[in-house]
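Engineer: Okay, here's the structure, questions in a sec.
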Amino acid sequence: MSSFQLNLNPLKEPLGFIKVLEWIASIFAFATCGGFKGKTEIQVSCDKGAENKTITATFGYPFRLNEASFQAPQGVNVCRVDWKNYVLIGDYSSSAQFYVTFAVFVFLYCIAALLLYVGYTNLYRDNRKLPMTDFVITIVATFLWLVSTSAWAKALTDIKTATGPSIVQELKPCRVQGTLCQFVSVTSMGSLNVSVIFGFLNMILWGGNAWFVYKETSFHSPSNTTSQGGIPPPTGI
């Protein structure tokens, strides 16, 4: 195996430069989704003319909403209801965790690939298996970005519905005669929208980079010695 020799020239080529963009985009993808925490609030009044009390349900990644119970203000009995027994509706953890986990794996793979590009340039260029493996992983990653982002985008739409004004109609205490419930607010999900955008951006980056990875394979260059459009030879050769 070749010894490590730092060569930054590959980062000036599309193959290496786009890989850096993929690495950065994957960070934004899992960070904007996995780091989210929010809450939804409802005002409840059970006596005519009485002061409204606010109950809150806190939720976040991995979005098991069916485990997010409502909480009344500490020491306050709101309408003689134990609000802890009432939760939001839905479990969207599978889509969220699939998306975040895949983004983390992509992040780690980009680090390994960049290390190979800049540290073992000769090995990557002369070995027929490494470029082919890189190409297959690129194609698979492009497809998985499409699948995971689409699933997460659908789950996000359902999360917005489950934590929005419709929850008033779903809460049993709010349907009791004499109890008035009013939806107040829900935390902005702008960062989650950004996570979906970065998911599709990652898909575009990986799909576009597939061509430059393909040019390094034996399919495009049987001798695997040409450097045109790919990783240039080390300086001095």
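Here's how to read the names in the structure tokens: chain A, B, ... by the order shown, residue numbers from 1 in each chain, ligand numbers from 1 in the order shown.
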Each residue of stretch 6-61 of chain A lying at most 10 Å from stretch 98-112 of chain A should get a row with its shortest atom-to-atom pair and the distance in Å to one decimal, counting only C-alpha atoms; could you produce that, ordered by chain and increasing number, as JSON lines?
Structural biologist:
```
{"residue": "A:Gly16", "atom": "CA", "partner": "A:Cys110", "partner_atom": "CA", "distance": 9.9}
{"residue": "A:Lys19", "atom": "CA", "partner": "A:Cys110", "partner_atom": "CA", "distance": 6.4}
{"residue": "A:Val20", "atom": "CA", "partner": "A:Cys110", "partner_atom": "CA", "distance": 7.4}
{"residue": "A:Leu21", "atom": "CA", "partner": "A:Cys110", "partner_atom": "CA", "distance": 9.5}
{"residue": "A:Glu22", "atom": "CA", "partner": "A:Cys110", "partner_atom": "CA", "distance": 7.2}
{"residue": "A:Trp23", "atom": "CA", "partner": "A:Phe107", "partner_atom": "CA", "distance": 5.4}
{"residue": "A:Ile24", "atom": "CA", "partner": "A:Phe107", "partner_atom": "CA", "distance": 8.0}
{"residue": "A:Ala25", "atom": "CA", "partner": "A:Phe107", "partner_atom": "CA", "distance": 8.6}
{"residue": "A:Ser26", "atom": "CA", "partner": "A:Ala103", "partner_atom": "CA", "distance": 5.4}
{"residue": "A:Ile27", "atom": "CA", "partner": "A:Phe107", "partner_atom": "CA", "distance": 6.7}
{"residue": "A:Phe28", "atom": "CA", "partner": "A:Ala103", "partner_atom": "CA", "distance": 9.1}
{"residue": "A:Ala29", "atom": "CA", "partner": "A:Ala103", "partner_atom": "CA", "distance": 6.5}
{"residue": "A:Phe30", "atom": "CA", "partner": "A:Val100", "partner_atom": "CA", "distance": 4.8}
{"residue": "A:Ala31", "atom": "CA", "partner": "A:Val100", "partner_atom": "CA", "distance": 8.2}
{"residue": "A:Thr32", "atom": "CA", "partner": "A:Val100", "partner_atom": "CA", "distance": 9.4}
{"residue": "A:Cys33", "atom": "CA", "partner": "A:Val100", "partner_atom": "CA", "distance": 7.0}
{"residue": "A:Gly34", "atom": "CA", "partner": "A:Val100", "partner_atom": "CA", "distance": 6.5}
{"residue": "A:Tyr61", "atom": "CA", "partner": "A:Val100", "partner_atom": "CA", "distance": 9.7}
```
Engineer: Now that the selection is made, can you save its residues with all heavy atoms as a compact mmCIF listing (two decimals), in the first residue's frame?
Structural biologist:
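Result file follows (out.txt):
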```txt
# COMPACT_ATOMS: atom_id res chain seq x y z
N GLY A 16 -12.75 16.21 -6.45
CA GLY A 16 -12.46 16.53 -5.07
C GLY A 16 -13.26 17.71 -4.54
O GLY A 16 -13.72 17.71 -3.40
N LYS A 19 -16.76 16.79 -3.73
CA LYS A 19 -16.79 15.96 -2.52
C LYS A 19 -16.77 16.82 -1.27
O LYS A 19 -17.41 16.51 -0.26
CB LYS A 19 -15.61 14.99 -2.52
CG LYS A 19 -15.64 13.96 -1.40
CD LYS A 19 -16.84 13.03 -1.56
CE LYS A 19 -16.70 12.15 -2.79
NZ LYS A 19 -17.86 11.26 -2.97
N VAL A 20 -16.01 17.93 -1.32
CA VAL A 20 -16.00 18.87 -0.19
C VAL A 20 -17.39 19.47 0.00
O VAL A 20 -17.88 19.60 1.13
CB VAL A 20 -14.95 19.98 -0.41
CG1 VAL A 20 -15.07 21.04 0.68
CG2 VAL A 20 -13.55 19.40 -0.42
N LEU A 21 -18.04 19.83 -1.10
CA LEU A 21 -19.40 20.38 -1.02
C LEU A 21 -20.37 19.35 -0.45
O LEU A 21 -21.26 19.69 0.34
CB LEU A 21 -19.87 20.84 -2.40
CG LEU A 21 -19.11 22.01 -3.05
CD1 LEU A 21 -19.72 22.34 -4.42
CD2 LEU A 21 -19.13 23.23 -2.14
N GLU A 22 -20.21 18.10 -0.84
CA GLU A 22 -21.07 17.03 -0.31
C GLU A 22 -20.86 16.87 1.20
O GLU A 22 -21.82 16.65 1.94
CB GLU A 22 -20.74 15.71 -1.02
CG GLU A 22 -21.13 15.69 -2.49
CD GLU A 22 -20.61 14.46 -3.21
OE1 GLU A 22 -19.76 13.74 -2.63
OE2 GLU A 22 -21.02 14.23 -4.35
N TRP A 23 -19.62 16.98 1.63
CA TRP A 23 -19.30 16.88 3.05
C TRP A 23 -19.97 17.99 3.84
O TRP A 23 -20.60 17.74 4.88
CB TRP A 23 -17.77 16.93 3.21
CG TRP A 23 -17.30 16.92 4.62
CD1 TRP A 23 -17.44 15.90 5.52
CD2 TRP A 23 -16.61 17.98 5.31
NE1 TRP A 23 -16.87 16.25 6.73
CE2 TRP A 23 -16.36 17.53 6.63
CE3 TRP A 23 -16.18 19.24 4.94
CZ2 TRP A 23 -15.71 18.30 7.57
CZ3 TRP A 23 -15.52 20.02 5.87
CH2 TRP A 23 -15.29 19.55 7.17
N ILE A 24 -19.89 19.22 3.33
CA ILE A 24 -20.51 20.35 4.01
C ILE A 24 -22.03 20.23 4.01
O ILE A 24 -22.69 20.46 5.03
CB ILE A 24 -20.08 21.67 3.34
CG1 ILE A 24 -18.57 21.89 3.50
CG2 ILE A 24 -20.84 22.85 3.93
CD1 ILE A 24 -18.03 23.08 2.73
N ALA A 25 -22.59 19.86 2.87
CA ALA A 25 -24.05 19.74 2.75
C ALA A 25 -24.61 18.66 3.68
O ALA A 25 -25.70 18.81 4.23
CB ALA A 25 -24.45 19.46 1.30
N SER A 26 -23.86 17.58 3.87
CA SER A 26 -24.33 16.51 4.77
C SER A 26 -24.38 16.99 6.21
O SER A 26 -25.26 16.60 6.97
CB SER A 26 -23.41 15.28 4.65
OG SER A 26 -22.11 15.56 5.15
N ILE A 27 -23.44 17.87 6.59
CA ILE A 27 -23.45 18.43 7.95
C ILE A 27 -24.72 19.23 8.18
O ILE A 27 -25.41 19.08 9.20
CB ILE A 27 -22.21 19.31 8.18
CG1 ILE A 27 -20.94 18.48 8.11
CG2 ILE A 27 -22.31 20.02 9.54
CD1 ILE A 27 -19.67 19.30 8.22
N PHE A 28 -25.06 20.10 7.23
CA PHE A 28 -26.28 20.90 7.35
C PHE A 28 -27.52 20.00 7.37
O PHE A 28 -28.49 20.31 8.05
CB PHE A 28 -26.37 21.90 6.20
CG PHE A 28 -25.55 23.13 6.40
CD1 PHE A 28 -24.29 23.25 5.86
CD2 PHE A 28 -26.04 24.20 7.15
CE1 PHE A 28 -23.51 24.38 6.05
CE2 PHE A 28 -25.28 25.35 7.36
CZ PHE A 28 -24.02 25.44 6.80
N ALA A 29 -27.49 18.91 6.62
CA ALA A 29 -28.65 18.02 6.54
C ALA A 29 -28.98 17.41 7.89
O ALA A 29 -30.12 17.48 8.37
CB ALA A 29 -28.40 16.93 5.50
N PHE A 30 -27.98 16.78 8.54
CA PHE A 30 -28.30 16.12 9.81
C PHE A 30 -28.37 17.09 10.98
O PHE A 30 -29.08 16.85 11.95
CB PHE A 30 -27.32 14.96 10.10
CG PHE A 30 -25.91 15.33 10.41
CD1 PHE A 30 -25.55 15.91 11.62
CD2 PHE A 30 -24.89 15.06 9.49
CE1 PHE A 30 -24.23 16.23 11.90
CE2 PHE A 30 -23.57 15.38 9.77
CZ PHE A 30 -23.25 15.96 10.99
N ALA A 31 -27.66 18.22 10.89
CA ALA A 31 -27.69 19.18 11.99
C ALA A 31 -29.02 19.91 12.08
O ALA A 31 -29.56 20.13 13.18
CB ALA A 31 -26.55 20.18 11.84
N THR A 32 -29.58 20.31 10.95
CA THR A 32 -30.84 21.06 10.95
C THR A 32 -32.03 20.19 11.33
O THR A 32 -33.03 20.70 11.84
CB THR A 32 -31.10 21.69 9.57
OG1 THR A 32 -31.00 20.67 8.55
CG2 THR A 32 -30.11 22.80 9.26
N CYS A 33 -31.91 18.88 11.13
CA CYS A 33 -33.01 17.98 11.51
C CYS A 33 -32.80 17.42 12.91
O CYS A 33 -33.69 17.49 13.76
CB CYS A 33 -33.11 16.84 10.49
SG CYS A 33 -34.38 15.62 10.89
N GLY A 34 -31.62 16.88 13.16
CA GLY A 34 -31.37 16.20 14.43
C GLY A 34 -31.31 17.13 15.63
O GLY A 34 -31.50 16.68 16.76
N TYR A 61 -36.63 15.99 17.67
CA TYR A 61 -36.06 14.79 17.06
C TYR A 61 -35.95 13.69 18.11
O TYR A 61 -35.56 13.97 19.24
CB TYR A 61 -34.68 15.09 16.49
CG TYR A 61 -33.98 13.90 15.88
CD1 TYR A 61 -34.27 13.52 14.58
CD2 TYR A 61 -33.07 13.15 16.62
CE1 TYR A 61 -33.65 12.41 14.02
CE2 TYR A 61 -32.44 12.05 16.07
CZ TYR A 61 -32.74 11.68 14.77
OH TYR A 61 -32.14 10.59 14.21
```
Engineer: Stretch 113-118 of chain A: which residues within 10 Å, counting only C-alpha atoms, same-chain residues fewer than 2 positions away excluded, as a list in words?
Structural biologist: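 Answer for this query is Phe4, Gln5, Leu6, Asn7, Leu8, Asn9, Pro10, Leu11, Leu15, Gly16, Phe17, Lys19, Val20, Trp23, Leu108, Tyr109, Cys110, Ile111, Tyr120, Thr121, Asn122, Leu123, Tyr124, Arg125, Leu130, Asp134, Ile231 and Pro234 of chain A.
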Engineer: Any idea what's packed within 7 Å of A:Phe70, counting only C-alpha atoms, ignoring anything in its chain fewer than 3 positions away? Could you give it as a short mmCIF file (atom, residue, chain, number, x, y, z; two decimals) with N, CA and C atoms, in the first residue's frame?
Structural biologist:
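As a result, part_38.cif now contains:
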```cif
data_model
loop_
_atom_site.label_atom_id
_atom_site.label_comp_id
_atom_site.auth_asym_id
_atom_site.auth_seq_id
_atom_site.Cartn_x
_atom_site.Cartn_y
_atom_site.Cartn_z
N ILE A 55 -51.50 25.25 28.11
CA ILE A 55 -50.88 23.93 28.24
C ILE A 55 -49.93 23.76 27.06
N THR A 56 -48.86 23.05 27.30
CA THR A 56 -47.78 22.96 26.31
C THR A 56 -47.36 21.51 26.09
N ALA A 57 -47.09 21.17 24.83
CA ALA A 57 -46.52 19.87 24.48
C ALA A 57 -45.18 20.12 23.78
N TRP A 83 -53.42 16.50 32.30
CA TRP A 83 -53.02 16.67 30.90
C TRP A 83 -51.86 15.77 30.50
N LYS A 84 -51.15 15.22 31.46
CA LYS A 84 -50.05 14.31 31.12
C LYS A 84 -50.53 13.05 30.42
N TYR A 86 -52.53 13.00 28.00
CA TYR A 86 -52.89 13.32 26.61
C TYR A 86 -51.63 13.71 25.85
N VAL A 87 -51.49 13.12 24.67
CA VAL A 87 -50.27 13.30 23.87
C VAL A 87 -50.62 13.74 22.46
#
```
Engineer: Out of A:Lys129, A:Cys174, A:Thr138, A:Ala96, which residue has the shortest atom-to-atom distance to A:Ala153 when counting only C-alpha atoms?
Structural biologist: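 Using only C-alpha atoms, A:Ala153 sits closest to A:Ala96.
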Engineer: Using only C-alpha atoms for the distances, tell me which of A:Ala141, A:Gly35, A:Ser45, A:Ser166 is nearest to A:Asn209.
Structural biologist: A:Ala141
Engineer: Tell me, in Å to one decimal, how far atom CA of A:Thr187 is from atom CA of A:Gln74.
Structural biologist: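 Going from atom CA of A:Thr187 over to atom CA of A:Gln74 covers 21.0 Å.
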Engineer: Excluding A:Val184 and any residue of its chain fewer than 3 positions from it, enumerate the residues within 7 Å of it, using only C-alpha atoms, and give them as a list of chain:residue names.
Structural biologist: A:Glu41, A:Ile42, A:Gln43
Engineer: Could the residues in this selection be written to a file with N, CA, C and O atoms, as a PDB file, in the first residue's frame?
Structural biologist:
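Result file follows (result07.pdb):
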```
ATOM      1  N   GLU A  41     -48.570  25.125  21.787  1.00  0.00           N
ATOM      2  CA  GLU A  41     -49.293  25.654  22.943  1.00  0.00           C
ATOM      3  C   GLU A  41     -50.778  25.818  22.650  1.00  0.00           C
ATOM      4  O   GLU A  41     -51.162  26.204  21.548  1.00  0.00           O
ATOM      5  N   ILE A  42     -51.581  25.522  23.683  1.00  0.00           N
ATOM      6  CA  ILE A  42     -53.040  25.667  23.603  1.00  0.00           C
ATOM      7  C   ILE A  42     -53.528  26.413  24.844  1.00  0.00           C
ATOM      8  O   ILE A  42     -53.053  26.142  25.957  1.00  0.00           O
ATOM      9  N   GLN A  43     -54.425  27.325  24.662  1.00  0.00           N
ATOM     10  CA  GLN A  43     -55.070  28.001  25.786  1.00  0.00           C
ATOM     11  C   GLN A  43     -56.384  27.307  26.098  1.00  0.00           C
ATOM     12  O   GLN A  43     -57.170  27.029  25.203  1.00  0.00           O
TER      13      GLN A  43
END
```
Engineer: Just give me the gap between atom CA of A:Val44 and atom CA of A:Thr179 in Å, one decimal is fine.
Structural biologist: 7.1 Å
Engineer: Could you give me, as a PyMOL selection string, each residue of stretch 145-210 of chain A that DSSP assigns to helix (DSSP H, G or I) when run on this structure's backbone?
Structural biologist: chain A and resi 145-162+167-170+172-175+190-210
Engineer: Residues near A:Gly178, anyone? I mean within 10 Å using only C-alpha atoms, not counting same-chain ones fewer than 5 positions away, as a list of chain:residue names.
Structural biologist: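 Once the adjacent positions are removed, what remains is A:Ser45, A:Cys46, A:Asp47, A:Lys48, A:Cys79, A:Pro173.
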Engineer: From a DSSP calculation on the backbone, collect every residue of stretch 56-154 of chain A in strand (DSSP E or B) and output the set as a ChimeraX atom specification.
Structural biologist: /A:56-60,69-71,87
Engineer: Quick one: write out the picked residues with all heavy atoms as a PDB file, in the first residue's frame?
Structural biologist:
```pdb
ATOM      1  N   THR A  56     -48.860  23.049  27.297  1.00  0.00           N
ATOM      2  CA  THR A  56     -47.779  22.956  26.309  1.00  0.00           C
ATOM      3  C   THR A  56     -47.359  21.508  26.089  1.00  0.00           C
ATOM      4  O   THR A  56     -47.266  20.724  27.044  1.00  0.00           O
ATOM      5  CB  THR A  56     -46.555  23.766  26.775  1.00  0.00           C
ATOM      6  OG1 THR A  56     -46.947  25.112  27.038  1.00  0.00           O
ATOM      7  CG2 THR A  56     -45.456  23.749  25.719  1.00  0.00           C
ATOM      8  N   ALA A  57     -47.091  21.171  24.828  1.00  0.00           N
ATOM      9  CA  ALA A  57     -46.517  19.869  24.482  1.00  0.00           C
ATOM     10  C   ALA A  57     -45.183  20.124  23.783  1.00  0.00           C
ATOM     11  O   ALA A  57     -45.128  20.817  22.768  1.00  0.00           O
ATOM     12  CB  ALA A  57     -47.452  19.084  23.568  1.00  0.00           C
ATOM     13  N   THR A  58     -44.120  19.585  24.362  1.00  0.00           N
ATOM     14  CA  THR A  58     -42.776  19.765  23.804  1.00  0.00           C
ATOM     15  C   THR A  58     -42.392  18.541  22.977  1.00  0.00           C
ATOM     16  O   THR A  58     -42.598  17.406  23.402  1.00  0.00           O
ATOM     17  CB  THR A  58     -41.753  19.957  24.941  1.00  0.00           C
ATOM     18  OG1 THR A  58     -42.130  21.093  25.726  1.00  0.00           O
ATOM     19  CG2 THR A  58     -40.358  20.192  24.382  1.00  0.00           C
ATOM     20  N   PHE A  59     -41.833  18.789  21.818  1.00  0.00           N
ATOM     21  CA  PHE A  59     -41.448  17.692  20.921  1.00  0.00           C
ATOM     22  C   PHE A  59     -40.139  18.037  20.226  1.00  0.00           C
ATOM     23  O   PHE A  59     -39.667  19.176  20.261  1.00  0.00           O
ATOM     24  CB  PHE A  59     -42.548  17.427  19.881  1.00  0.00           C
ATOM     25  CG  PHE A  59     -42.820  18.601  18.975  1.00  0.00           C
ATOM     26  CD1 PHE A  59     -42.208  18.701  17.736  1.00  0.00           C
ATOM     27  CD2 PHE A  59     -43.684  19.621  19.369  1.00  0.00           C
ATOM     28  CE1 PHE A  59     -42.443  19.787  16.904  1.00  0.00           C
ATOM     29  CE2 PHE A  59     -43.932  20.708  18.540  1.00  0.00           C
ATOM     30  CZ  PHE A  59     -43.308  20.793  17.311  1.00  0.00           C
ATOM     31  N   GLY A  60     -39.530  17.047  19.601  1.00  0.00           N
ATOM     32  CA  GLY A  60     -38.277  17.247  18.886  1.00  0.00           C
ATOM     33  C   GLY A  60     -37.817  15.949  18.256  1.00  0.00           C
ATOM     34  O   GLY A  60     -38.527  14.933  18.296  1.00  0.00           O
ATOM     35  N   SER A  69     -46.312  14.444  25.765  1.00  0.00           N
ATOM     36  CA  SER A  69     -47.536  14.727  26.514  1.00  0.00           C
ATOM     37  C   SER A  69     -47.670  16.220  26.799  1.00  0.00           C
ATOM     38  O   SER A  69     -46.684  16.967  26.801  1.00  0.00           O
ATOM     39  CB  SER A  69     -47.532  13.953  27.837  1.00  0.00           C
ATOM     40  OG  SER A  69     -46.425  14.333  28.630  1.00  0.00           O
ATOM     41  N   PHE A  70     -48.891  16.632  27.054  1.00  0.00           N
ATOM     42  CA  PHE A  70     -49.167  18.036  27.381  1.00  0.00           C
ATOM     43  C   PHE A  70     -48.832  18.301  28.850  1.00  0.00           C
ATOM     44  O   PHE A  70     -48.977  17.416  29.700  1.00  0.00           O
ATOM     45  CB  PHE A  70     -50.630  18.363  27.097  1.00  0.00           C
ATOM     46  CG  PHE A  70     -50.929  18.526  25.632  1.00  0.00           C
ATOM     47  CD1 PHE A  70     -51.318  17.443  24.864  1.00  0.00           C
ATOM     48  CD2 PHE A  70     -50.811  19.769  25.019  1.00  0.00           C
ATOM     49  CE1 PHE A  70     -51.589  17.592  23.514  1.00  0.00           C
ATOM     50  CE2 PHE A  70     -51.081  19.930  23.678  1.00  0.00           C
ATOM     51  CZ  PHE A  70     -51.472  18.836  22.916  1.00  0.00           C
ATOM     52  N   GLN A  71     -48.400  19.503  29.109  1.00  0.00           N
ATOM     53  CA  GLN A  71     -48.039  19.897  30.472  1.00  0.00           C
ATOM     54  C   GLN A  71     -48.778  21.179  30.840  1.00  0.00           C
ATOM     55  O   GLN A  71     -48.756  22.145  30.072  1.00  0.00           O
ATOM     56  CB  GLN A  71     -46.526  20.132  30.583  1.00  0.00           C
ATOM     57  CG  GLN A  71     -45.663  18.930  30.218  1.00  0.00           C
ATOM     58  CD  GLN A  71     -45.772  17.805  31.220  1.00  0.00           C
ATOM     59  OE1 GLN A  71     -46.024  18.056  32.407  1.00  0.00           O
ATOM     60  NE2 GLN A  71     -45.581  16.564  30.765  1.00  0.00           N
ATOM     61  N   VAL A  87     -51.490  13.119  24.667  1.00  0.00           N
ATOM     62  CA  VAL A  87     -50.269  13.305  23.873  1.00  0.00           C
ATOM     63  C   VAL A  87     -50.617  13.743  22.455  1.00  0.00           C
ATOM     64  O   VAL A  87     -51.789  13.696  22.035  1.00  0.00           O
ATOM     65  CB  VAL A  87     -49.449  11.996  23.805  1.00  0.00           C
ATOM     66  CG1 VAL A  87     -48.983  11.572  25.185  1.00  0.00           C
ATOM     67  CG2 VAL A  87     -50.272  10.878  23.161  1.00  0.00           C
TER      68      VAL A  87
END
```
Engineer: Using only C-alpha atoms, which of A:Asn202, A:Gln182, A:Thr142, A:Thr217 sits nearest A:Thr40?
Structural biologist: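 Comparing A:Asn202, A:Gln182, A:Thr142, A:Thr217 against A:Thr40, the winner is A:Gln182.
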Engineer: So that I can see what lies close to A:Gly207, please list as a VMD selection string the residues with an atom at most 12 Å from it, counting only C-alpha atoms and leaving out residues fewer than 4 positions away in the same chain.
Structural biologist: chain A and resid 18 to 19 22 135 to 146 200 to 203 211 to 214
Engineer: Could you check the closest approach to A:Trp152 for each of A:Leu205, A:Val168, A:Val196, A:Leu180 and tell me which residue wins, using only C-alpha atoms?
Structural biologist: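 Of all the options, A:Val196 lies closest to A:Trp152.
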